[in-house]
$ cat query-v9.txt   # compact mmCIF, C-alpha atoms and all ligand atoms
# COMPACT_ATOMS: atom_id res chain seq x y z
CA LYS A 28 -109.03 -136.42 -125.31
CA PRO A 29 -109.85 -136.47 -121.59
CA THR A 30 -107.38 -134.73 -119.32
CA ARG A 31 -105.63 -136.50 -116.45
CA CYS A 32 -108.00 -134.89 -114.00
CA THR A 33 -111.26 -136.04 -115.58
CA PRO A 34 -112.95 -138.56 -113.24
CA ALA A 35 -112.64 -142.17 -114.46
CA SER A 36 -116.42 -142.65 -114.40
CA SER A 37 -116.91 -140.00 -117.12
CA LYS A 38 -114.73 -141.86 -119.65
CA PRO A 39 -116.90 -144.77 -120.82
CA ASN A 40 -114.68 -145.70 -123.80
CA GLN A 41 -111.46 -146.21 -121.88
CA PRO A 42 -109.85 -149.66 -121.57
CA ALA A 43 -110.68 -151.35 -118.24
CA ALA A 44 -107.02 -151.40 -117.12
CA VAL A 45 -106.75 -147.64 -117.48
CA VAL A 46 -110.02 -147.10 -115.62
CA ARG A 47 -108.79 -149.36 -112.77
CA ALA A 48 -105.43 -147.58 -112.60
CA VAL A 49 -107.04 -144.14 -112.57
CA ALA A 50 -109.55 -145.23 -109.93
CA ALA A 51 -106.60 -146.25 -107.74
CA ARG A 52 -105.08 -142.80 -107.95
CA PRO A 53 -105.41 -141.11 -104.55
CA ASP A 54 -107.60 -138.03 -104.49
CA LEU A 55 -105.44 -134.94 -104.19
CA LEU A 56 -107.89 -132.77 -102.27
CA GLN A 57 -108.74 -135.62 -99.91
CA ARG A 58 -105.04 -136.02 -99.11
CA LEU A 59 -104.74 -132.30 -98.49
CA ALA A 60 -107.73 -132.44 -96.15
CA VAL A 61 -106.05 -135.26 -94.19
CA GLN A 62 -102.80 -133.29 -93.97
CA THR A 63 -104.70 -130.22 -92.77
CA ALA A 64 -106.53 -132.25 -90.13
CA GLU A 65 -103.22 -133.77 -88.96
CA ARG A 66 -101.74 -130.33 -88.58
CA ALA A 67 -104.76 -129.21 -86.56
CA GLN A 68 -104.49 -132.27 -84.35
CA ALA A 69 -100.84 -131.48 -83.62
CA GLN A 70 -101.93 -127.94 -82.61
CA LEU A 71 -99.84 -126.60 -85.48
CA GLN A 72 -102.55 -125.16 -87.72
CA ARG A 73 -102.19 -121.54 -88.75
CA ARG A 74 -105.07 -119.23 -87.96
CA LEU A 75 -106.25 -116.35 -90.10
CA ARG A 76 -107.38 -113.28 -88.21
CA THR A 77 -109.16 -110.31 -89.76
CA ILE A 78 -108.02 -106.91 -88.54
CA ASP A 79 -110.54 -104.10 -88.80
CA THR A 80 -108.27 -101.08 -88.35
CA CYS A 81 -105.03 -99.76 -89.83
CA GLN A 82 -101.66 -100.80 -88.39
CA GLY A 83 -100.74 -98.99 -85.23
CA PRO A 84 -99.97 -99.79 -81.64
CA PHE A 85 -103.63 -100.72 -81.28
CA VAL A 86 -105.65 -102.78 -83.73
CA GLU A 87 -109.21 -103.99 -83.59
CA SER A 88 -110.19 -107.54 -84.32
CA GLY A 89 -113.53 -109.24 -83.73
CA GLY A 90 -114.76 -106.23 -81.77
CA GLN A 91 -111.79 -106.36 -79.38
CA GLN A 92 -109.14 -103.67 -79.16
CA LEU A 93 -105.68 -105.19 -78.91
CA LEU A 94 -102.29 -103.67 -78.18
CA ALA A 95 -100.27 -105.31 -80.95
CA PHE A 96 -96.70 -106.57 -80.76
CA CYS A 97 -96.50 -108.56 -83.98
CA SER A 98 -96.42 -106.15 -86.91
CA ASN A 99 -93.31 -105.52 -89.02
CA ASP A 100 -94.19 -101.82 -89.19
CA TYR A 101 -91.00 -101.12 -87.23
CA LEU A 102 -90.88 -97.37 -87.81
CA GLY A 103 -94.62 -96.77 -87.42
CA LEU A 104 -94.96 -95.50 -90.99
CA ALA A 105 -97.79 -97.76 -92.21
CA HIS A 106 -100.48 -95.32 -91.11
CA ASP A 107 -98.52 -92.08 -91.49
CA PRO A 108 -100.87 -89.41 -92.93
CA ARG A 109 -98.13 -88.18 -95.28
CA LEU A 110 -97.90 -91.61 -96.91
CA VAL A 111 -101.67 -91.81 -97.17
CA ALA A 112 -101.71 -88.35 -98.79
CA ALA A 113 -98.99 -89.39 -101.25
CA LEU A 114 -100.98 -92.50 -102.13
CA LYS A 115 -104.16 -90.49 -102.72
CA THR A 116 -102.50 -87.78 -104.79
CA ALA A 117 -100.67 -90.28 -106.96
CA GLY A 118 -103.85 -92.35 -107.25
CA ASP A 119 -105.69 -89.31 -108.63
CA GLU A 120 -102.92 -88.75 -111.17
CA SER A 121 -102.01 -92.32 -112.10
CA GLY A 122 -105.10 -94.43 -111.38
CA VAL A 123 -104.96 -97.74 -109.56
CA GLY A 124 -103.46 -100.53 -111.63
CA SER A 125 -100.19 -100.27 -113.52
CA GLY A 126 -101.85 -102.09 -116.41
CA SER A 127 -99.12 -104.58 -117.21
CA ALA A 128 -95.67 -105.89 -116.44
CA HIS A 129 -92.81 -103.38 -116.30
CA LEU A 130 -91.41 -104.52 -119.66
CA ILE A 131 -94.73 -104.11 -121.50
CA CYS A 132 -96.15 -100.71 -120.54
CA GLY A 133 -96.47 -100.89 -116.73
CA HIS A 134 -93.24 -99.09 -115.82
CA ARG A 135 -94.28 -95.59 -114.79
CA ARG A 136 -92.28 -92.61 -113.71
CA GLU A 137 -93.28 -93.30 -110.06
CA HIS A 138 -91.51 -96.68 -110.28
CA ALA A 139 -88.43 -95.15 -111.89
CA ALA A 140 -88.22 -92.42 -109.24
CA LEU A 141 -88.57 -94.96 -106.41
CA GLU A 142 -85.85 -97.16 -107.91
CA GLU A 143 -83.51 -94.17 -108.06
CA ALA A 144 -84.24 -93.24 -104.44
CA LEU A 145 -83.65 -96.81 -103.24
CA ALA A 146 -80.35 -97.07 -105.14
CA GLU A 147 -79.18 -93.79 -103.67
CA TRP A 148 -80.21 -94.77 -100.13
CA THR A 149 -78.43 -98.09 -100.22
CA GLY A 150 -75.36 -96.70 -102.03
CA ARG A 151 -75.85 -98.90 -105.07
CA GLU A 152 -75.65 -98.01 -108.74
CA ARG A 153 -79.19 -99.16 -109.56
CA ALA A 154 -82.24 -100.80 -108.04
CA LEU A 155 -85.07 -102.91 -109.47
CA LEU A 156 -88.58 -103.15 -108.02
CA PHE A 157 -90.42 -106.42 -107.44
CA SER A 158 -94.02 -106.79 -106.32
CA THR A 159 -93.10 -108.77 -103.19
CA GLY A 160 -89.99 -109.87 -101.37
CA TYR A 161 -90.91 -113.46 -102.01
CA MET A 162 -90.86 -112.84 -105.74
CA ALA A 163 -87.63 -110.85 -105.58
CA ASN A 164 -85.75 -113.69 -103.93
CA LEU A 165 -87.20 -116.31 -106.26
CA GLY A 166 -86.35 -114.16 -109.28
CA VAL A 167 -82.81 -113.22 -108.31
CA ILE A 168 -81.63 -116.73 -107.47
CA GLN A 169 -83.34 -118.26 -110.51
CA ALA A 170 -81.78 -115.61 -112.77
CA LEU A 171 -78.27 -116.02 -111.34
CA LEU A 172 -77.82 -119.74 -110.84
CA GLU A 173 -78.00 -122.47 -113.39
CA ARG A 174 -79.12 -126.02 -112.69
CA GLY A 175 -76.72 -127.87 -110.37
CA GLU A 176 -74.71 -124.78 -109.37
CA LEU A 177 -73.95 -124.20 -105.73
CA CYS A 178 -76.19 -122.13 -103.46
CA VAL A 179 -74.97 -121.95 -99.87
CA GLN A 180 -77.44 -120.60 -97.33
CA ASP A 181 -77.87 -120.09 -93.61
CA LYS A 182 -80.22 -122.70 -92.18
CA LEU A 183 -82.47 -119.98 -90.76
CA ASN A 184 -82.83 -118.04 -94.00
CA HIS A 185 -86.32 -117.00 -94.98
CA ALA A 186 -88.34 -119.61 -96.88
CA CYS A 187 -88.26 -117.64 -100.15
CA LEU A 188 -84.46 -117.73 -100.34
CA LEU A 189 -84.59 -121.50 -99.99
CA ASP A 190 -87.41 -121.70 -102.54
CA GLY A 191 -85.37 -119.55 -104.95
CA ALA A 192 -82.57 -122.12 -104.89
CA GLN A 193 -85.09 -124.87 -105.57
CA LEU A 194 -86.64 -122.96 -108.45
CA ALA A 195 -83.17 -122.52 -109.97
CA GLY A 196 -82.52 -126.28 -109.60
CA ALA A 197 -79.36 -125.31 -107.74
CA THR A 198 -77.45 -127.58 -105.37
CA LEU A 199 -78.62 -126.14 -102.06
CA LYS A 200 -76.35 -126.48 -99.02
CA ARG A 201 -77.53 -125.07 -95.71
CA TYR A 202 -74.98 -124.30 -93.02
CA PRO A 203 -75.81 -124.22 -89.29
CA HIS A 204 -77.04 -120.79 -88.26
CA ALA A 205 -74.34 -118.08 -88.56
CA ASP A 206 -71.56 -120.70 -88.77
CA VAL A 207 -69.07 -119.11 -91.19
CA ASP A 208 -66.61 -122.03 -90.96
CA ALA A 209 -69.33 -124.44 -91.97
CA ALA A 210 -70.22 -122.15 -94.88
CA ALA A 211 -66.54 -122.17 -95.92
CA ARG A 212 -66.47 -125.98 -95.86
CA GLN A 213 -69.57 -126.11 -98.03
CA LEU A 214 -68.00 -123.75 -100.55
CA HIS A 215 -64.75 -125.78 -100.56
CA SER A 216 -66.66 -128.99 -101.17
CA ASN A 217 -67.55 -127.72 -104.61
CA ALA A 218 -64.88 -125.34 -105.81
CA ASP A 219 -65.58 -125.38 -109.56
CA GLY A 220 -68.45 -123.53 -111.09
CA CYS A 221 -70.33 -120.46 -110.00
CA ALA A 222 -71.57 -120.16 -106.43
CA LEU A 223 -73.90 -117.90 -104.51
CA LEU A 224 -73.99 -117.44 -100.75
CA ALA A 225 -77.30 -116.01 -99.53
CA THR A 226 -78.15 -114.87 -96.03
CA ASP A 227 -80.80 -112.87 -94.23
CA GLY A 228 -79.27 -109.64 -92.90
CA VAL A 229 -81.54 -109.76 -89.84
CA PHE A 230 -83.08 -113.18 -89.21
CA SER A 231 -86.83 -112.90 -89.35
CA MET A 232 -87.68 -115.24 -86.49
CA ASP A 233 -84.63 -114.78 -84.21
CA GLY A 234 -83.93 -111.08 -84.74
CA ASP A 235 -80.14 -111.52 -84.71
CA ILE A 236 -77.84 -110.11 -87.37
CA ALA A 237 -75.80 -112.26 -89.76
CA PRO A 238 -71.98 -112.20 -89.43
CA LEU A 239 -71.86 -110.07 -92.55
CA ARG A 240 -68.22 -108.96 -92.47
CA GLU A 241 -66.98 -112.53 -92.04
CA LEU A 242 -69.29 -113.79 -94.78
CA ALA A 243 -68.13 -110.99 -97.11
CA ALA A 244 -64.48 -111.90 -96.47
CA LEU A 245 -65.24 -115.56 -97.10
CA CYS A 246 -67.06 -114.81 -100.34
CA ALA A 247 -64.23 -112.56 -101.54
CA SER A 248 -61.68 -115.33 -100.98
CA GLU A 249 -63.92 -117.99 -102.54
CA ARG A 250 -64.93 -116.04 -105.67
CA THR A 251 -68.52 -116.38 -104.50
CA SER A 252 -71.23 -113.74 -104.85
CA LEU A 253 -72.83 -112.66 -101.57
CA MET A 254 -76.55 -111.92 -101.48
CA VAL A 255 -78.11 -110.30 -98.41
CA ASP A 256 -81.85 -110.19 -97.79
CA ASP A 257 -82.23 -107.16 -95.53
CA ALA A 258 -86.02 -107.28 -95.19
CA HIS A 259 -85.80 -106.66 -91.42
CA GLY A 260 -82.71 -104.44 -91.37
CA LEU A 261 -83.63 -101.71 -93.87
CA GLY A 262 -84.96 -98.65 -92.07
CA VAL A 263 -83.98 -100.05 -88.66
CA LEU A 264 -80.19 -100.43 -88.76
CA GLY A 265 -77.35 -98.28 -90.01
CA GLU A 266 -76.93 -94.58 -90.45
CA ASP A 267 -80.05 -93.15 -92.12
CA GLY A 268 -81.55 -96.63 -91.79
CA ALA A 269 -79.69 -97.95 -94.83
CA GLY A 270 -79.69 -101.41 -93.23
CA SER A 271 -77.48 -104.13 -91.82
CA VAL A 272 -75.04 -104.08 -94.73
CA ALA A 273 -74.44 -100.34 -94.37
CA GLU A 274 -74.14 -100.73 -90.60
CA ALA A 275 -71.44 -103.36 -91.15
CA GLY A 276 -69.58 -100.85 -93.37
CA LEU A 277 -69.86 -103.09 -96.43
CA SER A 278 -69.97 -101.75 -99.97
CA GLU A 279 -71.39 -102.98 -103.25
CA THR A 280 -68.10 -104.80 -103.88
CA ASP A 281 -68.57 -106.81 -100.65
CA VAL A 282 -72.29 -107.42 -101.09
CA PRO A 283 -73.02 -107.24 -104.81
CA ILE A 284 -76.63 -108.41 -104.41
CA LEU A 285 -78.71 -106.54 -101.86
CA MET A 286 -82.40 -107.26 -101.52
CA ALA A 287 -84.88 -105.66 -99.13
CA THR A 288 -88.62 -105.39 -98.74
CA LEU A 289 -90.87 -102.35 -98.64
CA GLY A 290 -93.67 -103.82 -96.52
CA LYS A 291 -91.89 -103.74 -93.18
CA ALA A 292 -90.07 -100.68 -91.80
CA LEU A 293 -91.21 -98.65 -94.82
CA GLY A 294 -94.85 -99.43 -94.04
CA CYS A 295 -95.79 -100.08 -97.69
CA SER A 296 -95.51 -103.21 -99.85
CA GLY A 297 -93.16 -104.70 -102.42
CA ALA A 298 -89.40 -105.20 -102.59
CA PHE A 299 -86.28 -104.29 -104.52
CA VAL A 300 -82.88 -105.58 -105.47
CA ALA A 301 -79.98 -103.12 -105.54
CA GLY A 302 -76.56 -103.52 -107.12
CA SER A 303 -74.50 -102.72 -110.18
CA ALA A 304 -76.03 -101.67 -113.47
CA ALA A 305 -74.89 -105.04 -114.87
CA LEU A 306 -76.81 -106.93 -112.16
CA ILE A 307 -79.98 -104.91 -112.71
CA ASP A 308 -79.75 -105.20 -116.50
CA GLY A 309 -79.31 -108.96 -116.14
CA LEU A 310 -82.25 -109.33 -113.76
CA THR A 311 -84.42 -107.27 -116.10
CA GLN A 312 -83.66 -109.84 -118.82
CA PHE A 313 -83.75 -113.07 -116.82
CA ALA A 314 -85.68 -112.79 -113.53
CA ARG A 315 -88.98 -114.44 -114.35
CA THR A 316 -90.78 -113.01 -111.32
CA TYR A 317 -89.90 -109.54 -112.61
CA ILE A 318 -90.70 -110.16 -116.25
CA TYR A 319 -93.96 -112.08 -116.09
CA THR A 320 -95.94 -110.17 -113.50
CA THR A 321 -97.86 -106.93 -113.22
CA ALA A 322 -95.88 -103.95 -111.91
CA MET A 323 -96.95 -102.67 -108.49
CA PRO A 324 -99.55 -99.87 -108.57
CA PRO A 325 -97.75 -96.60 -109.38
CA ALA A 326 -99.48 -94.79 -106.50
CA LEU A 327 -97.98 -97.35 -104.13
CA ALA A 328 -94.55 -96.60 -105.61
CA ALA A 329 -95.17 -92.88 -104.98
CA ALA A 330 -96.22 -93.53 -101.36
CA THR A 331 -93.16 -95.75 -100.87
CA HIS A 332 -90.94 -93.02 -102.25
CA ARG A 333 -92.32 -90.71 -99.55
CA ALA A 334 -91.69 -93.47 -96.99
CA VAL A 335 -88.04 -93.67 -98.07
CA GLU A 336 -87.66 -89.92 -97.50
CA LEU A 337 -89.25 -90.17 -94.05
CA ALA A 338 -87.34 -93.30 -93.01
CA ARG A 339 -84.06 -91.64 -93.99
CA SER A 340 -84.66 -88.24 -92.44
CA GLU A 341 -86.69 -88.97 -89.28
CA HIS A 342 -83.90 -90.35 -87.13
CA TRP A 343 -86.10 -90.01 -84.06
CA ARG A 344 -88.00 -93.12 -85.18
CA ARG A 345 -84.90 -95.34 -84.91
CA ASP A 346 -83.87 -93.59 -81.68
CA LYS A 347 -87.29 -94.15 -80.15
CA LEU A 348 -87.37 -97.77 -81.25
CA ASN A 349 -83.98 -98.30 -79.58
CA VAL A 350 -85.19 -96.70 -76.34
CA LEU A 351 -88.22 -99.01 -76.33
CA LEU A 352 -86.05 -102.02 -77.10
CA ARG A 353 -83.72 -101.27 -74.19
CA ARG A 354 -86.69 -100.81 -71.87
CA PHE A 355 -88.22 -104.09 -72.96
CA ARG A 356 -85.00 -106.08 -72.71
CA THR A 357 -84.10 -104.65 -69.31
CA GLY A 358 -87.59 -105.40 -67.98
CA ALA A 359 -87.59 -108.90 -69.48
CA ALA A 360 -84.19 -109.65 -67.94
CA GLN A 361 -85.49 -108.56 -64.53
CA LEU A 362 -88.40 -110.97 -64.95
CA GLY A 363 -86.07 -113.77 -66.09
CA LEU A 364 -87.88 -114.06 -69.41
CA PRO A 365 -86.15 -116.18 -72.06
CA LEU A 366 -85.54 -113.67 -74.86
CA MET A 367 -83.17 -114.32 -77.74
CA PRO A 368 -80.03 -112.14 -77.88
CA SER A 369 -81.39 -109.63 -80.40
CA ARG A 370 -80.85 -105.88 -80.71
CA THR A 371 -83.32 -105.45 -83.54
CA ALA A 372 -87.08 -104.84 -83.48
CA ILE A 373 -87.66 -108.62 -83.42
CA GLN A 374 -87.60 -109.88 -79.81
CA PRO A 375 -88.56 -113.57 -79.70
CA LEU A 376 -89.75 -114.92 -76.38
CA MET A 377 -88.73 -118.57 -76.43
CA LEU A 378 -91.35 -120.97 -75.08
CA GLY A 379 -90.19 -124.29 -76.52
CA ASP A 380 -93.36 -126.24 -76.82
CA ALA A 381 -95.93 -125.28 -79.47
CA GLN A 382 -98.79 -125.68 -77.00
CA ARG A 383 -97.06 -123.47 -74.45
CA ALA A 384 -96.56 -120.78 -77.08
CA LEU A 385 -100.23 -120.97 -78.08
CA ASP A 386 -101.41 -120.87 -74.48
CA THR A 387 -99.23 -117.86 -73.75
CA SER A 388 -100.48 -116.02 -76.82
CA ARG A 389 -104.09 -116.72 -75.80
CA ALA A 390 -103.48 -115.62 -72.23
CA LEU A 391 -102.01 -112.33 -73.48
CA GLU A 392 -104.97 -111.86 -75.78
CA ALA A 393 -107.29 -112.27 -72.82
CA GLN A 394 -105.46 -109.27 -71.36
CA GLY A 395 -105.89 -107.26 -74.57
CA LEU A 396 -102.46 -107.89 -76.08
CA LEU A 397 -101.67 -109.39 -79.48
CA ALA A 398 -98.44 -111.40 -79.78
CA VAL A 399 -98.70 -114.31 -82.15
CA ALA A 400 -97.29 -117.77 -81.47
CA ILE A 401 -94.78 -118.95 -84.07
CA ARG A 402 -94.60 -122.74 -84.25
CA PRO A 403 -93.05 -125.46 -86.41
CA PRO A 404 -92.62 -125.72 -89.34
CA THR A 405 -91.91 -121.96 -89.41
CA VAL A 406 -89.36 -122.51 -86.62
CA PRO A 407 -87.59 -125.75 -85.62
CA HIS A 408 -89.35 -128.23 -83.32
CA GLY A 409 -88.95 -127.34 -79.67
CA GLN A 410 -88.36 -123.68 -80.52
CA ALA A 411 -91.91 -122.33 -80.57
CA ARG A 412 -92.03 -118.72 -79.50
CA LEU A 413 -93.88 -115.47 -79.37
CA ARG A 414 -92.33 -113.29 -82.05
CA ILE A 415 -92.65 -110.00 -80.21
CA THR A 416 -91.92 -106.97 -82.36
CA LEU A 417 -91.58 -103.39 -81.23
CA SER A 418 -92.22 -100.29 -83.30
CA ALA A 419 -91.56 -96.58 -83.11
CA ALA A 420 -95.36 -96.33 -83.00
CA HIS A 421 -95.29 -97.82 -79.47
CA GLU A 422 -94.91 -95.77 -76.30
CA GLU A 423 -93.01 -96.68 -73.14
CA ALA A 424 -96.33 -97.27 -71.39
CA HIS A 425 -97.16 -99.92 -74.01
CA VAL A 426 -93.91 -101.75 -73.33
CA ASP A 427 -94.61 -101.60 -69.60
CA ARG A 428 -98.06 -103.04 -70.17
CA LEU A 429 -96.56 -105.92 -72.12
CA LEU A 430 -94.02 -106.58 -69.37
CA GLN A 431 -96.74 -106.51 -66.69
CA ALA A 432 -98.85 -108.98 -68.67
CA LEU A 433 -95.87 -111.30 -69.16
CA GLU A 434 -95.04 -111.06 -65.46
CA SER A 435 -98.60 -112.04 -64.57
CA LEU A 436 -98.16 -115.26 -66.61
CA ARG A 437 -95.12 -116.31 -64.55
CA LEU A 438 -93.29 -117.77 -67.54
CA GLY A 439 -89.85 -118.31 -66.03
CA ALA A 440 -87.09 -119.91 -68.06
CA SER A 441 -87.72 -121.70 -71.31
CA PRO A 442 -87.45 -125.51 -71.47
CA THR A 443 -84.89 -124.98 -74.25
CA GLY A 444 -82.80 -122.88 -71.91
CA ALA A 445 -82.62 -120.03 -74.41
CA PRO A 446 -80.53 -117.16 -73.11
CA VAL A 447 -82.19 -113.99 -71.84
N1 LIG B 501 -87.36 -112.04 -96.76
C1 LIG B 501 -87.53 -112.05 -95.44
C2 LIG B 501 -86.34 -112.16 -94.55
C3 LIG B 501 -88.82 -111.94 -94.91
O1 LIG B 501 -89.01 -111.97 -93.59
C4 LIG B 501 -89.92 -111.85 -95.80
C5 LIG B 501 -91.37 -111.73 -95.35
N2 LIG B 501 -91.68 -111.73 -94.11
C6 LIG B 501 -89.68 -111.86 -97.16
C7 LIG B 501 -88.39 -111.95 -97.61
C8 LIG B 501 -90.80 -111.79 -98.13
O2 LIG B 501 -91.20 -110.47 -98.32
P1 LIG B 501 -92.66 -110.12 -98.78
O3 LIG B 501 -93.52 -110.20 -97.57
O4 LIG B 501 -92.56 -108.76 -99.36
O5 LIG B 501 -93.04 -111.15 -99.80
$ encode --input "query-v9.txt" --output "C-alpha cells" --more "lines below"
Ligand code: PMP
Amino acid sequence: KPTRCTPASSKPNQPAAVVRAVAARPDLLQRLAVQTAERAQAQLQRRLRTIDTCQGPFVESGGQQLLAFCSNDYLGLAHDPRLVAALKTAGDESGVGSGSAHLICGHRREHAALEEALAEWTGRERALLFSTGYMANLGVIQALLERGELCVQDKLNHACLLDGAQLAGATLKRYPHADVDAAARQLHSNADGCALLATDGVFSMDGDIAPLRELAALCASERTSLMVDDAHGLGVLGEDGAGSVAEAGLSETDVPILMATLGKALGCSGAFVAGSAALIDGLTQFARTYIYTTAMPPALAAATHRAVELARSEHWRRDKLNVLLRRFRTGAAQLGLPLMPSRTAIQPLMLGDAQRALDTSRALEAQGLLAVAIRPPTVPHGQARLRITLSAAHEEAHVDRLLQALESLRLGASPTGAPV
C-alpha cells in the first residue's frame, strides 16, 4: 500500500479522482522554501556562524578575531582548564556515550553525583538531569498537566515553556510581562482543576527578574504550583549563585518546581529539575523527554559537577561580573544608550527596527566586536535589539572597548523609547 508521501505519478493503479486530489496537494518542501525566502526578504532570516575557538572573551570566526558579547558563559567557566581536566579524566574512566536512557542502563554514578550536588546547591530534596533545558521544560509540563488543564505563563517566557504547555494539550494563558494582577485574573477565570504557573526567573531576552515573591504568594493563595525556569539566574544570582529563587528568599514550598540549565553560567550542557522526592519520582515515571532519550555523556556530568563546585565557591566570578555590569551600565547611561533596566548579565540594547539592529551588529563586527542582533519572532515586532551579555571572563578594558565602539556608532535613543 503506497504511503501518503509517495508521488502520485508512481501509483499507476489508483483511481483518477485520488490521483487528481493528491496532485493538488501542495508540496511541503516547496512551501517551506517560500516561507524561508519570505523571511529572508523581511531581513529576518537567522544566520549560522561557525566559531573556530573555545568560548572566551575572544572568539575566532572566518579568520577574524572577535571580542564577543553574546555568549551565555556568564561566569567564564566554559573553557576553565579544571573542567576540561575533569571531562578528560572521566572520559578515560567512563568512555563517551552513556549507552542508553537513564531508565535502561545509562544512569551512571557521575549522573547520580551531579544530581545530588544540584539538589544540595538549590536547597531541594532531589534533582533530575535532562539532556537539554528545552527537553526539561517540555517534559515537566507534559508530565504535570493533563489535557485542558490550566497553564498560566508570562508572555516573555522562553519558547520551550510555551511549547511544553502545547505538548501537554493544556489551556495556555499568557499574561502581560511581569503583570501579577493579570496572572491572578487568569487563574480566577478557571478556578476548578489543577493549574500550573510557569515563569522564567531571569528573562532571556530582557534580562530582568520575575516578580517571584508576588507570584509565589499568588500561587499559594490559588492552590497553584509555581514553576521557575532559572536558566539565566543559576550561578549569577543569590548567595553561592543558587539563583533568582534563592535570592528572593523562596523555599521549595514556595517554588516546588525549579528548573535550570547547565549550558550557561555553568559552562557545560544539559539541565535539571529540582524539587521534592515526590516530584522527581513522578517525573521519572511520566516525563517523556526524560524517559525516551539517551542520558547525557557521564564525563559531561563529571565536568558539570566540577563546574557546580567552582560556581559555588568562586565568589569572585559573580563579584567581577557585577563590577563589569556597573561599568557598562554607567558608561551606557553617559552615552544615552537605550538599555533595558536589567541587573543581570543580559544587557539588551534596544534598537527597535530589525534592520537597525542588523546594521548595528554589522558595524560592531567591522570593529572586531561580536554582538548578535535579536529580531522577531524571537522578540516582539519593533523590539529588535542587540542582546549584549557580559561574563566574568571579560575585563574592564573589554567593556570600555565595547562602549567606545557603541559611541562611535552614535546610536542615541531607541525609536521605542526604551529606558536607559
Ligand atoms: N530556558 C531558558 C530561559 C532559556 O533561555 C533556554 C535556552 N537559551 C532554555 C530554557 C533551553 O535550554 P537549553 O539550551 O539547555 O535547551
$ axis_aligned_box --input "query-v9.txt" --around "ligand LIG 501 (chain B)" --padding-each-side "6 Å" --output "lines of an AutoDock Vina configuration file"
center_x = -89.9
center_y = -110.5
center_z = -96.7
size_x = 19.2
size_y = 15.4
size_z = 18.2
$ residues_around --input "query-v9.txt" --residues "A:Leu172" --least-positions-apart "5" --cutoff "12 Å" --atoms "only C-alpha atoms" --output "PyMOL selection string"
chain A and resi 165-167+177-179+191-199+220-225+251-252+310+313-314
$ residues_near_ligand --input "query-v9.txt" --ligand "ligand LIG 501 (chain B)" --cutoff "7 Å" --atoms "all atoms listed in the file" --output "PDB file with C-alpha atoms, in the coordinates of the input"
ATOM      1  CA  THR A 159     -93.100-108.770-103.190  1.00  0.00           C
ATOM      2  CA  GLY A 160     -89.990-109.870-101.370  1.00  0.00           C
ATOM      3  CA  TYR A 161     -90.910-113.460-102.010  1.00  0.00           C
ATOM      4  CA  MET A 162     -90.860-112.840-105.740  1.00  0.00           C
ATOM      5  CA  ASN A 184     -82.830-118.040 -94.000  1.00  0.00           C
ATOM      6  CA  HIS A 185     -86.320-117.000 -94.980  1.00  0.00           C
ATOM      7  CA  CYS A 187     -88.260-117.640-100.150  1.00  0.00           C
ATOM      8  CA  ASP A 227     -80.800-112.870 -94.230  1.00  0.00           C
ATOM      9  CA  PHE A 230     -83.080-113.180 -89.210  1.00  0.00           C
ATOM     10  CA  SER A 231     -86.830-112.900 -89.350  1.00  0.00           C
ATOM     11  CA  ASP A 256     -81.850-110.190 -97.790  1.00  0.00           C
ATOM     12  CA  ASP A 257     -82.230-107.160 -95.530  1.00  0.00           C
ATOM     13  CA  ALA A 258     -86.020-107.280 -95.190  1.00  0.00           C
ATOM     14  CA  HIS A 259     -85.800-106.660 -91.420  1.00  0.00           C
ATOM     15  CA  THR A 288     -88.620-105.390 -98.740  1.00  0.00           C
ATOM     16  CA  LEU A 289     -90.870-102.350 -98.640  1.00  0.00           C
ATOM     17  CA  GLY A 290     -93.670-103.820 -96.520  1.00  0.00           C
ATOM     18  CA  SER A 296     -95.510-103.210 -99.850  1.00  0.00           C
ATOM     19  CA  GLY A 297     -93.160-104.700-102.420  1.00  0.00           C
ATOM     20  CA  ALA A 298     -89.400-105.200-102.590  1.00  0.00           C
TER      21      ALA A 298
END
$ closest_residue --input "query-v9.txt" --among "A:Thr387, A:Leu438, A:Met232, A:Val335" --to "A:Pro407" --atoms "all atoms listed in the file"
A:Met232
$ atom_distance --input "query-v9.txt" --atom1 "atom CA of A:Gly270" --atom2 "atom CA of A:Leu378"
29.1 Å
$ atom_distance --input "query-v9.txt" --atom1 "atom CA of A:Met286" --atom2 "atom CA of A:Leu351"
27.1 Å
$ atom_distance --input "query-v9.txt" --atom1 "atom CA of A:Leu188" --atom2 "atom CA of A:Leu413"
23.1 Å
$ residues_around --input "query-v9.txt" --residues "A:Ala398" --least-positions-apart "4" --cutoff "12 Å" --atoms "all atoms listed in the file" --output "VMD selection string"
chain A and resid 84 to 86 93 to 98 373 to 376 384 to 394 412 to 417 429 432 to 433
$ closest_residue --input "query-v9.txt" --among "A:Ala117, A:Leu110, A:Val49, A:Ile131" --to "A:Leu337" --atoms "all atoms listed in the file"
A:Leu110
$ residues_around --input "query-v9.txt" --residues "stretch 344-346 of chain A" --least-positions-apart "2" --cutoff "7 Å" --atoms "all atoms listed in the file" --output "list in words"
Leu102, Val263, Glu341, His342, Leu348, Asn349, Val350 and Ala419 of chain A
$ residues_around --input "query-v9.txt" --residues "A:Ala301" --least-positions-apart "3" --cutoff "12 Å" --atoms "all atoms listed in the file" --output "PyMOL selection string"
chain A and resi 141-157+163+167+254-257+269+272+278-279+282-288+298+304-308+310
